[in-house]
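Please read the structure below before turning to the comments.
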Amino acid sequence: MELMFATANIHKCYEARAILGPSVSIIMPSSLGLSGNIPETGFTLEENALQKSLFLWDKFHIPCFADDTGLEVDGLGGAPGVYSARYAGPACLPADNVKKLLEEMQYMTNRAARFRCVIALILNGTPQFFEGIVEGSIIRIPKGAGGFGYDPVFVPLGWDKTFAEMSEKEKNEISHRKRALEKMARLFV
Ligand code: IMP
């Protein structure tokens, strides 16, 4: 079957293809001529994932899914959460977000945090949700050059290096998105 993934990120598509296996053909909105950003104006990860998948469903009426991820820091009441991409402002760089996060957490001893990914899947009009979480903590000084976003300050539980110090393969083995995709993949075996 064909399943449209609400993303313009080819790396996310490769990852989804690898996890969902050969019974599902993952296509991108661009393959049906949709360019530009899909709106995401929700106040939760669930709302955003649903909004993006409904947008595609309304447009194409084909099975589709969307993901949304946030970094949730316990000492900040779950922030930056759904605002992770633009924590330091609407047009900020990832490094600005990291800088703001470290400033906000300067005097914090509770460093616990998690990446939470929510997928909304629409197969025949009714949405289903899948969640993937990776627990960890925020260090005080960024380390590593790999990955993206908050990777240089996030150390997953049970590891002594940041996501940015891991190989892509190591990170993808335990990532929040992989965990959410794996839950969804159980529908397609
Ligand atoms: P998205 O929903 O995958 O676009 O993620 C939203 C934002 O969360 C990104 O812009 C990043 O700031 C952050 N984020 C999501 N996944 C990761 C990750 O694996 N590592 C670091 N930051 C991430």
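FYI, nothing fancy with the structure tokens labels: chains A, B, ... in order, residues from 1 per chain, ligands from 1 as they appear.
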Legend entry - Protein and nucleic acid residues within 10 Å of ligand 1 (only C-alpha atoms and all ligand atoms) as a PyMOL selection string: chain A and resi 7+9+12+40+45+48-49+66-72+80-87+93-95+97-98+115-119+134+146-154+162-164+171-172+175-178
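Take CA of Leu101 (chain A) and CA of Glu170 (chain A): the distance between them is 24.5 Å.
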Legend entry - All residues 7 Å or closer to Ile19 (chain A), only C-alpha atoms, same chain fewer than 5 positions away omitted, as an NGL selection string: :A and (181-182 or 185)
Legend entry - All helix (DSSP H, G or I) residues (DSSP, backbone) inside region 41-142 of chain A, as a PyMOL selection string: chain A and resi 45-60+74-76+84-86+94-104
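Reported to one decimal place, the separation of CA of Leu157 (chain A) from CA of Gly136 (chain A) is 4.4 Å.
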Inset, instruction - Just the strand (DSSP E) stuff from region 56-158 of chain A, please, per backbone DSSP, written as a PyMOL selection string. - result: chain A and resi 64-73+80-81+112-122+127-138+154-156
Legend entry - Best match for closeness to Lys169 (chain A) among A:Met1, A:Phe60, A:Glu15, A:Arg140, counting only C-alpha atoms: A:Glu15
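For the pair CA of Glu135 (chain A) and CA of Pro90 (chain A), the separation is 26.7 Å.
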